[in-house]
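File shown: my_file.txt. Contents: compact mmCIF, C-alpha atoms.
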```txt
# COMPACT_ATOMS: atom_id res chain seq x y z
CA MET A 1 -3.38 54.26 0.87
CA ILE A 2 -5.63 57.04 2.11
CA SER A 3 -3.81 60.39 2.09
CA THR A 4 -3.35 62.51 5.21
CA ARG A 5 -5.84 65.11 4.03
CA HIS A 6 -8.46 62.41 3.36
CA ASP A 7 -7.84 61.00 6.82
CA VAL A 8 -8.33 64.48 8.28
CA PHE A 9 -11.57 64.83 6.31
CA LEU A 10 -12.87 61.54 7.73
CA THR A 11 -12.10 62.62 11.28
CA VAL A 12 -13.79 66.01 10.85
CA ALA A 13 -16.85 64.32 9.35
CA GLN A 14 -17.01 61.80 12.19
CA GLN A 15 -16.50 64.39 14.93
CA LYS A 16 -18.68 66.99 13.19
CA SER A 17 -16.24 69.59 14.43
CA PHE A 18 -12.91 71.06 13.35
CA SER A 19 -11.85 71.63 16.97
CA LYS A 20 -12.71 68.09 18.08
CA ALA A 21 -10.90 66.65 15.07
CA SER A 22 -7.88 68.74 16.07
CA GLN A 23 -7.93 67.15 19.52
CA VAL A 24 -8.31 63.63 18.14
CA LEU A 25 -5.52 63.99 15.58
CA TYR A 26 -3.19 66.10 17.79
CA ILE A 27 -2.71 68.74 15.12
CA SER A 28 -3.67 72.42 15.16
CA GLN A 29 -7.07 73.65 14.03
CA PRO A 30 -5.51 75.86 11.31
CA ALA A 31 -3.78 72.72 9.95
CA ILE A 32 -7.15 70.93 9.91
CA SER A 33 -8.70 73.81 7.97
CA LYS A 34 -5.78 73.83 5.52
CA HIS A 35 -6.26 70.12 4.72
CA ILE A 36 -9.99 70.56 4.17
CA LYS A 37 -9.46 73.63 1.98
CA SER A 38 -6.93 71.65 -0.08
CA LEU A 39 -9.48 68.88 -0.65
CA GLU A 40 -12.22 71.33 -1.58
CA GLU A 41 -9.89 72.93 -4.13
CA TYR A 42 -8.96 69.51 -5.49
CA TYR A 43 -12.58 68.39 -5.91
CA LYS A 44 -13.69 71.93 -6.89
CA THR A 45 -16.64 71.81 -4.49
CA LYS A 46 -17.53 72.50 -0.88
CA LEU A 47 -17.41 69.48 1.40
CA PHE A 48 -18.83 71.12 4.53
CA ASP A 49 -21.50 73.70 5.17
CA ARG A 50 -20.41 75.89 8.07
CA LYS A 51 -23.23 77.21 10.26
CA GLY A 52 -21.58 79.09 13.11
CA ILE A 53 -19.79 76.51 15.22
CA GLN A 54 -21.82 73.71 13.60
CA ILE A 55 -20.77 71.96 10.40
CA GLU A 56 -22.63 69.58 8.13
CA LEU A 57 -21.53 67.54 5.13
CA THR A 58 -22.66 68.80 1.75
CA PRO A 59 -24.03 66.23 -0.75
CA ALA A 60 -20.50 66.00 -2.20
CA GLY A 61 -19.08 65.62 1.29
CA LYS A 62 -21.51 62.80 2.10
CA LEU A 63 -20.51 60.96 -1.06
CA LEU A 64 -16.79 61.38 -0.33
CA PHE A 65 -17.31 60.21 3.26
CA GLU A 66 -19.12 57.04 2.14
CA LYS A 67 -16.45 56.20 -0.44
CA LEU A 68 -13.50 56.90 1.87
CA THR A 69 -15.06 54.86 4.68
CA GLU A 70 -15.26 51.87 2.34
CA VAL A 71 -11.70 52.44 1.07
CA LYS A 72 -10.34 52.63 4.62
CA ARG A 73 -12.15 49.44 5.61
CA ILE A 74 -10.64 47.61 2.63
CA GLN A 75 -7.21 49.09 3.36
CA GLU A 76 -7.25 47.89 6.97
CA GLN A 77 -8.57 44.46 5.98
CA THR A 78 -5.90 44.06 3.30
CA GLU A 79 -3.12 45.11 5.70
CA PHE A 80 -4.22 42.45 8.19
CA GLU A 81 -4.53 39.66 5.64
CA ILE A 82 -1.19 40.34 3.95
CA SER A 83 0.75 40.82 7.17
CA SER A 84 -0.64 37.60 8.69
CA ILE A 85 0.19 35.31 5.76
CA LYS A 86 3.56 34.21 7.17
CA ASP A 87 3.20 34.86 10.88
CA VAL A 88 0.11 35.92 12.88
CA LEU A 89 2.41 37.45 15.49
CA GLN A 90 3.35 40.03 12.86
CA ALA A 91 -0.23 40.66 11.74
CA LYS A 92 -1.05 44.36 11.62
CA GLY A 93 -4.35 46.15 11.63
CA VAL A 94 -6.91 48.03 13.69
CA LEU A 95 -9.75 46.36 15.58
CA LYS A 96 -12.49 48.92 16.24
CA LEU A 97 -14.65 47.25 18.83
CA GLY A 98 -17.74 48.34 20.72
CA ALA A 99 -19.41 46.48 23.57
CA SER A 100 -22.32 46.93 25.93
CA THR A 101 -21.47 47.60 29.56
CA THR A 102 -21.79 44.07 30.88
CA VAL A 103 -19.71 42.62 28.06
CA ALA A 104 -17.03 45.31 28.34
CA LEU A 105 -16.61 44.89 32.09
CA TYR A 106 -17.06 41.18 32.71
CA ILE A 107 -16.58 39.27 29.45
CA LEU A 108 -14.22 41.20 27.16
CA PRO A 109 -11.12 41.53 29.40
CA LYS A 110 -10.41 37.79 29.11
CA VAL A 111 -10.88 37.88 25.34
CA LEU A 112 -8.85 41.05 24.77
CA SER A 113 -5.95 39.73 26.82
CA SER A 114 -5.81 36.49 24.85
CA PHE A 115 -6.27 38.28 21.51
CA ASN A 116 -3.42 40.65 22.33
CA GLN A 117 -1.13 37.67 23.00
CA HIS A 118 -2.08 36.07 19.67
CA TYR A 119 -1.91 39.32 17.67
CA PRO A 120 0.45 41.70 19.51
CA GLN A 121 0.76 44.09 16.54
CA ILE A 122 -2.99 44.70 16.24
CA HIS A 123 -4.13 48.06 17.60
CA ILE A 124 -7.40 47.73 19.54
CA SER A 125 -9.81 50.57 20.24
CA SER A 126 -12.78 49.73 22.45
CA LEU A 127 -16.00 51.68 22.94
CA ASN A 128 -18.00 50.97 26.12
CA ARG A 129 -21.64 52.10 25.87
CA ASN A 130 -25.11 50.63 26.34
CA SER A 131 -26.40 48.35 23.58
CA GLU A 132 -28.38 51.06 21.81
CA LEU A 133 -25.35 53.36 21.51
CA VAL A 134 -23.04 50.53 20.39
CA LEU A 135 -25.45 49.73 17.56
CA GLU A 136 -25.56 53.42 16.64
CA ALA A 137 -21.74 53.54 16.60
CA LEU A 138 -21.65 50.56 14.24
CA LEU A 139 -24.14 52.13 11.84
CA ASN A 140 -22.20 55.41 11.94
CA GLY A 141 -18.95 53.62 11.07
CA ASP A 142 -17.25 54.47 14.36
CA ILE A 143 -16.66 50.75 15.05
CA ASN A 144 -16.45 47.69 12.82
CA LEU A 145 -17.49 45.03 15.32
CA GLY A 146 -19.87 45.21 18.25
CA ILE A 147 -21.20 42.96 20.99
CA ILE A 148 -24.65 43.87 22.28
CA GLU A 149 -27.60 42.44 24.16
CA GLY A 150 -30.66 41.57 22.15
CA ARG A 151 -31.37 41.39 18.46
CA LEU A 152 -33.28 43.95 16.43
CA LYS A 153 -34.73 43.34 12.98
CA LEU A 154 -32.29 45.52 11.06
CA THR A 155 -31.62 44.45 7.48
CA ASN A 156 -28.28 46.28 7.32
CA VAL A 157 -26.76 44.47 10.32
CA ASP A 158 -25.50 40.89 10.63
CA TYR A 159 -26.09 39.22 14.02
CA GLN A 160 -24.08 36.24 15.27
CA PRO A 161 -24.97 34.57 18.61
CA PHE A 162 -22.32 34.73 21.34
CA LEU A 163 -23.41 34.13 24.95
CA THR A 164 -26.50 33.79 27.12
CA ASP A 165 -26.59 35.48 30.51
CA GLN A 166 -29.04 35.77 33.40
CA VAL A 167 -30.33 38.95 35.01
CA VAL A 168 -31.25 38.59 38.68
CA ALA A 169 -32.94 40.70 41.36
CA VAL A 170 -30.61 41.82 44.16
CA CYS A 171 -30.55 44.18 47.11
CA SER A 172 -28.20 45.08 49.94
CA ASN A 173 -27.94 42.46 52.67
CA LYS A 174 -29.02 45.28 55.03
CA SER A 175 -32.26 45.93 53.13
CA PRO A 176 -35.59 44.95 54.77
CA ILE A 177 -36.37 43.12 51.53
CA THR A 178 -33.99 40.33 52.62
CA LYS A 179 -36.38 39.31 55.42
CA ARG A 180 -37.80 37.03 52.75
CA LYS A 181 -35.87 35.39 49.91
CA SER A 182 -38.93 34.76 47.74
CA TYR A 183 -41.88 36.94 46.68
CA THR A 184 -44.84 36.74 44.33
CA ILE A 185 -44.38 38.55 41.05
CA ASN A 186 -47.00 41.20 41.89
CA GLU A 187 -45.19 42.18 45.10
CA ILE A 188 -42.46 43.69 42.95
CA LYS A 189 -44.74 46.68 42.32
CA LEU A 190 -44.56 47.64 46.01
CA MET A 191 -40.78 47.71 46.29
CA SER A 192 -38.50 50.71 45.94
CA MET A 193 -36.60 50.14 42.70
CA ALA A 194 -33.34 51.32 41.13
CA ILE A 195 -32.91 50.45 37.45
CA ARG A 196 -30.60 51.01 34.47
CA GLU A 197 -30.99 53.86 32.01
CA ARG A 198 -33.07 53.73 28.84
CA GLY A 199 -31.21 51.97 26.02
CA SER A 200 -29.70 49.43 28.42
CA GLY A 201 -29.89 45.77 27.42
CA THR A 202 -30.43 44.82 31.06
CA LEU A 203 -33.48 47.10 31.24
CA ALA A 204 -34.82 45.74 27.94
CA ALA A 205 -34.53 42.16 29.24
CA LEU A 206 -36.33 43.10 32.48
CA LYS A 207 -39.08 44.86 30.56
CA PHE A 208 -39.59 41.88 28.23
CA SER A 209 -39.84 39.38 31.12
CA LEU A 210 -42.21 41.53 33.19
CA GLU A 211 -44.54 42.02 30.25
CA LYS A 212 -45.08 38.25 30.18
CA HIS A 213 -46.71 38.76 33.58
CA LYS A 214 -48.65 41.83 32.35
CA ILE A 215 -46.47 44.18 34.38
CA LYS A 216 -45.11 47.36 32.79
CA ILE A 217 -41.98 49.25 33.80
CA SER A 218 -44.30 52.17 34.58
CA ASP A 219 -46.04 49.96 37.18
CA LEU A 220 -42.84 49.76 39.24
CA ASN A 221 -41.95 52.10 42.10
CA ILE A 222 -38.81 53.46 40.43
CA LYS A 223 -36.83 55.83 42.62
CA VAL A 224 -33.53 55.98 40.72
CA ARG A 225 -32.29 55.41 37.17
CA LEU A 226 -28.53 54.96 36.80
CA GLY A 227 -26.23 54.70 33.79
CA GLY A 228 -23.94 51.68 33.94
CA THR A 229 -23.79 48.37 35.77
CA GLU A 230 -21.19 49.45 38.32
CA ALA A 231 -23.07 52.61 39.23
CA LEU A 232 -26.26 50.65 39.85
CA LYS A 233 -24.46 47.93 41.78
CA ASN A 234 -22.70 50.38 44.09
CA PHE A 235 -25.94 52.25 44.70
CA LEU A 236 -27.78 49.05 45.64
CA ILE A 237 -25.07 48.09 48.14
CA GLU A 238 -25.63 51.38 49.98
CA SER A 239 -29.42 51.58 49.70
CA ASP A 240 -32.57 49.66 50.60
CA SER A 241 -33.74 49.47 47.00
CA LEU A 242 -34.15 46.45 44.77
CA GLY A 243 -32.41 46.29 41.40
CA PHE A 244 -31.75 43.92 38.53
CA LEU A 245 -28.18 43.13 37.48
CA PRO A 246 -26.40 40.57 35.30
CA ARG A 247 -25.35 37.55 37.36
CA ARG A 248 -21.81 37.85 35.96
CA SER A 249 -21.49 41.32 37.48
CA ILE A 250 -22.32 40.42 41.10
CA ILE A 251 -20.44 37.17 41.75
CA LYS A 252 -17.99 38.80 44.18
CA GLU A 253 -20.64 40.88 45.94
CA ILE A 254 -22.86 37.85 46.52
CA LYS A 255 -19.88 35.84 47.77
CA HIS A 256 -18.81 38.59 50.19
CA GLY A 257 -22.33 39.15 51.46
CA GLU A 258 -22.72 42.70 50.16
CA LEU A 259 -25.68 41.82 47.97
CA THR A 260 -28.42 39.21 48.36
CA GLU A 261 -30.33 37.60 45.51
CA ILE A 262 -34.12 37.86 45.73
CA HIS A 263 -36.42 35.46 43.89
CA PHE A 264 -39.78 36.29 42.35
CA GLU A 265 -42.22 33.54 41.50
CA ASP A 266 -42.02 32.52 37.81
CA LEU A 267 -39.76 35.45 36.89
CA HIS A 268 -36.83 34.26 34.78
CA ILE A 269 -34.75 36.83 32.92
CA GLU A 270 -32.26 35.77 30.27
CA ARG A 271 -30.65 37.86 27.59
CA ASN A 272 -28.59 36.89 24.59
CA PHE A 273 -25.41 38.62 23.47
CA TYR A 274 -24.66 38.96 19.77
CA PHE A 275 -21.70 39.98 17.66
CA ILE A 276 -22.87 42.65 15.23
CA GLN A 277 -21.30 43.77 11.97
CA ARG A 278 -22.52 45.87 9.09
CA LYS A 279 -24.10 43.70 6.42
CA GLY A 280 -21.51 42.39 3.96
CA GLU A 281 -18.51 43.86 5.81
CA SER A 282 -17.18 40.90 7.78
CA SER A 283 -13.37 40.98 7.73
CA GLU A 284 -10.78 38.33 8.50
CA LEU A 285 -9.71 40.39 11.52
CA ASN A 286 -13.26 40.38 12.90
CA LYS A 287 -13.58 36.66 12.18
CA SER A 288 -10.36 35.97 14.07
CA PHE A 289 -11.59 37.88 17.11
CA ILE A 290 -15.00 36.17 17.07
CA LYS A 291 -13.42 32.73 16.70
CA LEU A 292 -11.11 33.32 19.67
CA ALA A 293 -13.94 34.67 21.85
CA GLN A 294 -16.09 31.63 21.10
CA LYS A 295 -13.21 29.29 21.87
CA LEU A 296 -12.51 30.94 25.25
CA TYR A 297 -16.16 30.60 26.27
CA ASN A 298 -16.50 27.07 24.87
CA ILE A 299 -19.04 27.91 22.22
```
Encoded form using structure tokens:
Amino acid sequence: MISTRHDVFLTVAQQKSFSKASQVLYISQPAISKHIKSLEEYYKTKLFDRKGIQIELTPAGKLLFEKLTEVKRIQEQTEFEISSIKDVLQAKGVLKLGASTTVALYILPKVLSSFNQHYPQIHISSLNRNSELVLEALLNGDINLGIIEGRLKLTNVDYQPFLTDQVVAVCSNKSPITKRKSYTINEIKLMSMAIRERGSGTLAALKFSLEKHKIKISDLNIKVRLGGTEALKNFLIESDSLGFLPRRSIIKEIKHGELTEIHFEDLHIERNFYFIQRKGESSELNKSFIKLAQKLYNI
């Protein structure tokens, strides 16, 4: 079992701040400092370099962080496997999950609800960011399992296919764009556009599909960039702009007539969602979650 002072060290290293670690752990900052000082005395070396309000891990601190991260992962995995031998309802553990915006809002709720019923003793923490930041969180050890859009050629990450989704062009039913339901691909350059922020999987899928038609994102008449699917959707409902959103995210708005789908000749945008894990660190807890998610979506 990892000691309290080692757990404090991990939190300080992850937060890169004594004060932030204090907030996360709900203990005073002097208590945080006392635990770190105790560890430094035990190992007879500095673990952090303090530069004003900034702190950085020393070489010894980096080594300790790497080793403790691995120990904690094994500890959590062992707790889950032992506690689930007789009865999965009594299985204990921590599922540290990260998901891109579309997945977190429109796909995960169904999976999390079912998983909670199967494993009521499992504590779930969920990070909702764009795909780029979820991948970063995985590599930093902040999460142990992620679901993102797209697949990069990273040798230290395992990718497992999950779902395929469509991205479609939409605008408010009040927009002049709705006078026609179909346009040529080049006419897209003339339209006022609202798009997702950089790092978004939706934006990456749009960029990839447009490049097939020799159109760059910079060729578009972009008026607004917004962070998050819901922010973009709500903006489009109130504006005359055109935007691209996952089909899963606009089912209700299309049904209620708030948004209208616009078609562009030969423009088809699909993106693939993947489960991501650090290479060689697949746990039984992660496998159980993935298996349930695939079952719910008939994969």
Do you have, as a Markdown table, the list of residues of segment 136-177 of chain A lying at most 6 Å from segment 92-98 of chain A, each with its nearest atom pair and that distance in Å to one decimal, counting only C-alpha atoms and ordered by chain then number?
```
| residue | atom | partner | partner_atom | distance |
| --- | --- | --- | --- | --- |
| A:Ile143 | CA | A:Lys96 | CA | 4.7 |
| A:Asn144 | CA | A:Lys96 | CA | 5.4 |
| A:Leu145 | CA | A:Leu97 | CA | 5.0 |
| A:Gly146 | CA | A:Gly98 | CA | 4.5 |
```
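Between atom CA of Leu68 of chain A and atom CA of Gln54 of chain A the interatomic distance comes to 22.1 Å.
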Considering all atoms listed in the file, give me a table of residues in segment 213-259 of chain A that are at most 9 Å from segment 185-205 of chain A, with the closest atom pair and distance in Å for each, as CSV.
```
residue,atom,partner,partner_atom,distance
A:His213,CA,A:Ile185,CA,7.8
A:Ile215,CA,A:Asn186,CA,8.1
A:Asp219,CA,A:Lys189,CA,6.2
A:Leu220,CA,A:Lys189,CA,4.8
A:Asn221,CA,A:Ser192,CA,5.3
A:Ile222,CA,A:Met193,CA,4.6
A:Lys223,CA,A:Met193,CA,5.7
A:Val224,CA,A:Ala194,CA,4.7
A:Arg225,CA,A:Ile195,CA,5.0
A:Leu226,CA,A:Arg196,CA,5.0
A:Gly227,CA,A:Glu197,CA,5.2
A:Gly228,CA,A:Arg196,CA,6.7
A:Thr229,CA,A:Arg196,CA,7.4
A:Leu232,CA,A:Arg196,CA,6.9
A:Phe235,CA,A:Ala194,CA,8.3
A:Leu236,CA,A:Ala194,CA,7.5
A:Asp240,CA,A:Ser192,CA,7.6
A:Ser241,CA,A:Ser192,CA,5.0
A:Leu242,CA,A:Met193,CA,4.9
A:Gly243,CA,A:Ala194,CA,5.1
A:Phe244,CA,A:Ile195,CA,6.7
A:Leu245,CA,A:Thr202,CA,7.0
A:Pro246,CA,A:Thr202,CA,7.2
```
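Between Ile254 of chain A and the candidates A:Leu292, A:Val168, A:Ile177, A:Ile2, the tightest atom-to-atom separation, counting all atoms listed in the file, involves A:Val168.
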6 Å contact set for segment 21-24 of chain A, only C-alpha atoms, chain neighbours under 3 positions out, as a compact mmCIF listing (two decimals) with C-alpha atoms, in the frame of the given file:
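part.txt written:
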```txt
# COMPACT_ATOMS: atom_id res chain seq x y z
CA THR A 11 -12.10 62.62 11.28
CA VAL A 12 -13.79 66.01 10.85
CA PHE A 18 -12.91 71.06 13.35
CA ILE A 27 -2.71 68.74 15.12
CA SER A 28 -3.67 72.42 15.16
CA GLN A 29 -7.07 73.65 14.03
```
> From the list A:His256, A:Arg5, A:Arg248, A:Lys233, which residue is nearest Val170 of chain A when using only C-alpha atoms?
Replying inline: A:Lys233
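The interatomic distance for the pair atom CA of Ile217 of chain A and atom CA of Glu136 of chain A works out to 24.1 Å.
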> Got a sec: who's within 12 Å of segment 79-81 of chain A, counting all atoms listed in the file, leaving out chain neighbours fewer than 3 positions off, as a PyMOL selection string?
Replying inline: chain A and resi 1+72-76+84-95+119+121-123+283-288
>> What does the structure give for the distance between atom CA of Thr69 of chain A and atom CA of Ser19 of chain A, in Å to one decimal?
In response: 21.0 Å
>> Env of segment 153-165 of chain A: 6 Å cut, atoms = only C-alpha atoms, seq-sep filter 6 positions within chain, self excluded. Answer as a list in words.
In response: Glu270, Arg271, Asn272, Phe273, Tyr274, Phe275, Ile276, Gln277, Arg278 and Lys279 of chain A
>> The residues within 10 Å of (-17.5, 43.8, 34.6), using only C-alpha atoms and the coordinates of the file, should be reported as a PyMOL selection string; which are they?
In response: chain A and resi 101-109+229-230+246+248-250
Selected residues written out with C-alpha atoms, as a PDB file, keeping the file's coordinate frame:
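Final output, saved to again-v1.pdb:
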```pdb
ATOM      1  CA  THR A 101     -21.470  47.600  29.560  1.00  0.00           C
ATOM      2  CA  THR A 102     -21.790  44.070  30.880  1.00  0.00           C
ATOM      3  CA  VAL A 103     -19.710  42.620  28.060  1.00  0.00           C
ATOM      4  CA  ALA A 104     -17.030  45.310  28.340  1.00  0.00           C
ATOM      5  CA  LEU A 105     -16.610  44.890  32.090  1.00  0.00           C
ATOM      6  CA  TYR A 106     -17.060  41.180  32.710  1.00  0.00           C
ATOM      7  CA  ILE A 107     -16.580  39.270  29.450  1.00  0.00           C
ATOM      8  CA  LEU A 108     -14.220  41.200  27.160  1.00  0.00           C
ATOM      9  CA  PRO A 109     -11.120  41.530  29.400  1.00  0.00           C
ATOM     10  CA  THR A 229     -23.790  48.370  35.770  1.00  0.00           C
ATOM     11  CA  GLU A 230     -21.190  49.450  38.320  1.00  0.00           C
ATOM     12  CA  PRO A 246     -26.400  40.570  35.300  1.00  0.00           C
ATOM     13  CA  ARG A 248     -21.810  37.850  35.960  1.00  0.00           C
ATOM     14  CA  SER A 249     -21.490  41.320  37.480  1.00  0.00           C
ATOM     15  CA  ILE A 250     -22.320  40.420  41.100  1.00  0.00           C
TER      16      ILE A 250
END
```
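Comparing the minimum interatomic distances between Leu206 of chain A and each of A:Asn116, A:Thr58, A:Gln166, A:Ser100, counting only C-alpha atoms, we find that A:Gln166 sits nearest.
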> Quick one: of A:Tyr26, A:Phe9, A:Phe289, A:Phe208, who's nearest to Phe48 of chain A, counting all atoms listed in the file?
Replying inline: A:Phe9
How big is the axis-aligned box, and where does its centre sit, when it encloses all atoms of segment 130-143 of chain A listed in the file and has 3 Å added on every side, reported in Å to one decimal as AutoDock Vina command-line options?
```
--center_x -22.5 --center_y 51.9 --center_z 18.7 --size_x 17.7 --size_y 13.1 --size_z 21.3
```
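Shortest separation to Ile55 of chain A among A:Lys67, A:Lys181, A:Cys171, A:Ser17 occurs at residue A:Ser17, atoms counted being only C-alpha atoms.
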Can segment 170-190 of chain A be brought up to N, CA and C atoms and written out as an mmCIF file, in the frame of the given file?
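Output file result-v9.cif follows:
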```
data_model
loop_
_atom_site.group_PDB
_atom_site.id
_atom_site.type_symbol
_atom_site.label_atom_id
_atom_site.label_comp_id
_atom_site.auth_asym_id
_atom_site.auth_seq_id
_atom_site.Cartn_x
_atom_site.Cartn_y
_atom_site.Cartn_z
ATOM 1 N N VAL A 170 -31.496 41.779 42.998
ATOM 2 C CA VAL A 170 -30.610 41.820 44.160
ATOM 3 C C VAL A 170 -30.882 43.070 44.989
ATOM 4 N N CYS A 171 -30.492 43.012 46.235
ATOM 5 C CA CYS A 171 -30.550 44.180 47.110
ATOM 6 C C CYS A 171 -29.441 44.047 48.142
ATOM 7 N N SER A 172 -29.195 45.111 48.878
ATOM 8 C CA SER A 172 -28.200 45.080 49.940
ATOM 9 C C SER A 172 -28.603 44.060 51.001
ATOM 10 N N ASN A 173 -27.615 43.411 51.597
ATOM 11 C CA ASN A 173 -27.940 42.460 52.670
ATOM 12 C C ASN A 173 -28.515 43.158 53.895
ATOM 13 N N LYS A 174 -28.462 44.497 53.923
ATOM 14 C CA LYS A 174 -29.020 45.280 55.030
ATOM 15 C C LYS A 174 -30.460 45.714 54.745
ATOM 16 N N SER A 175 -30.930 45.488 53.524
ATOM 17 C CA SER A 175 -32.260 45.930 53.130
ATOM 18 C C SER A 175 -33.348 45.086 53.802
ATOM 19 N N PRO A 176 -34.460 45.711 54.205
ATOM 20 C CA PRO A 176 -35.590 44.950 54.770
ATOM 21 C C PRO A 176 -36.136 43.905 53.814
ATOM 22 N N ILE A 177 -35.880 44.080 52.523
ATOM 23 C CA ILE A 177 -36.370 43.120 51.530
ATOM 24 C C ILE A 177 -35.822 41.730 51.788
ATOM 25 N N THR A 178 -34.637 41.636 52.404
ATOM 26 C CA THR A 178 -33.990 40.330 52.620
ATOM 27 C C THR A 178 -34.657 39.513 53.736
ATOM 28 N N LYS A 179 -35.664 40.083 54.392
ATOM 29 C CA LYS A 179 -36.380 39.310 55.420
ATOM 30 C C LYS A 179 -37.030 38.079 54.799
ATOM 31 N N ARG A 180 -37.308 38.185 53.512
ATOM 32 C CA ARG A 180 -37.800 37.030 52.750
ATOM 33 C C ARG A 180 -36.902 36.865 51.523
ATOM 34 N N LYS A 181 -36.702 35.650 51.090
ATOM 35 C CA LYS A 181 -35.870 35.390 49.910
ATOM 36 C C LYS A 181 -36.711 35.148 48.663
ATOM 37 N N SER A 182 -38.059 35.042 48.874
ATOM 38 C CA SER A 182 -38.930 34.760 47.740
ATOM 39 C C SER A 182 -40.214 35.573 47.861
ATOM 40 N N TYR A 183 -40.676 36.111 46.724
ATOM 41 C CA TYR A 183 -41.880 36.940 46.680
ATOM 42 C C TYR A 183 -42.726 36.540 45.475
ATOM 43 N N THR A 184 -44.006 36.908 45.517
ATOM 44 C CA THR A 184 -44.840 36.740 44.330
ATOM 45 C C THR A 184 -44.470 37.826 43.330
ATOM 46 N N ILE A 185 -44.776 37.609 42.080
ATOM 47 C CA ILE A 185 -44.380 38.550 41.050
ATOM 48 C C ILE A 185 -45.050 39.916 41.238
ATOM 49 N N ASN A 186 -46.289 39.936 41.737
ATOM 50 C CA ASN A 186 -47.000 41.200 41.890
ATOM 51 C C ASN A 186 -46.456 42.051 43.040
ATOM 52 N N GLU A 187 -45.765 41.426 43.983
ATOM 53 C CA GLU A 187 -45.190 42.180 45.100
ATOM 54 C C GLU A 187 -44.053 43.093 44.651
ATOM 55 N N ILE A 188 -43.556 42.859 43.460
ATOM 56 C CA ILE A 188 -42.460 43.690 42.950
ATOM 57 C C ILE A 188 -42.911 45.142 42.775
ATOM 58 N N LYS A 189 -44.208 45.339 42.531
ATOM 59 C CA LYS A 189 -44.740 46.680 42.320
ATOM 60 C C LYS A 189 -44.637 47.552 43.573
ATOM 61 N N LEU A 190 -44.556 46.909 44.748
ATOM 62 C CA LEU A 190 -44.560 47.640 46.010
ATOM 63 C C LEU A 190 -43.166 48.033 46.484
#
```
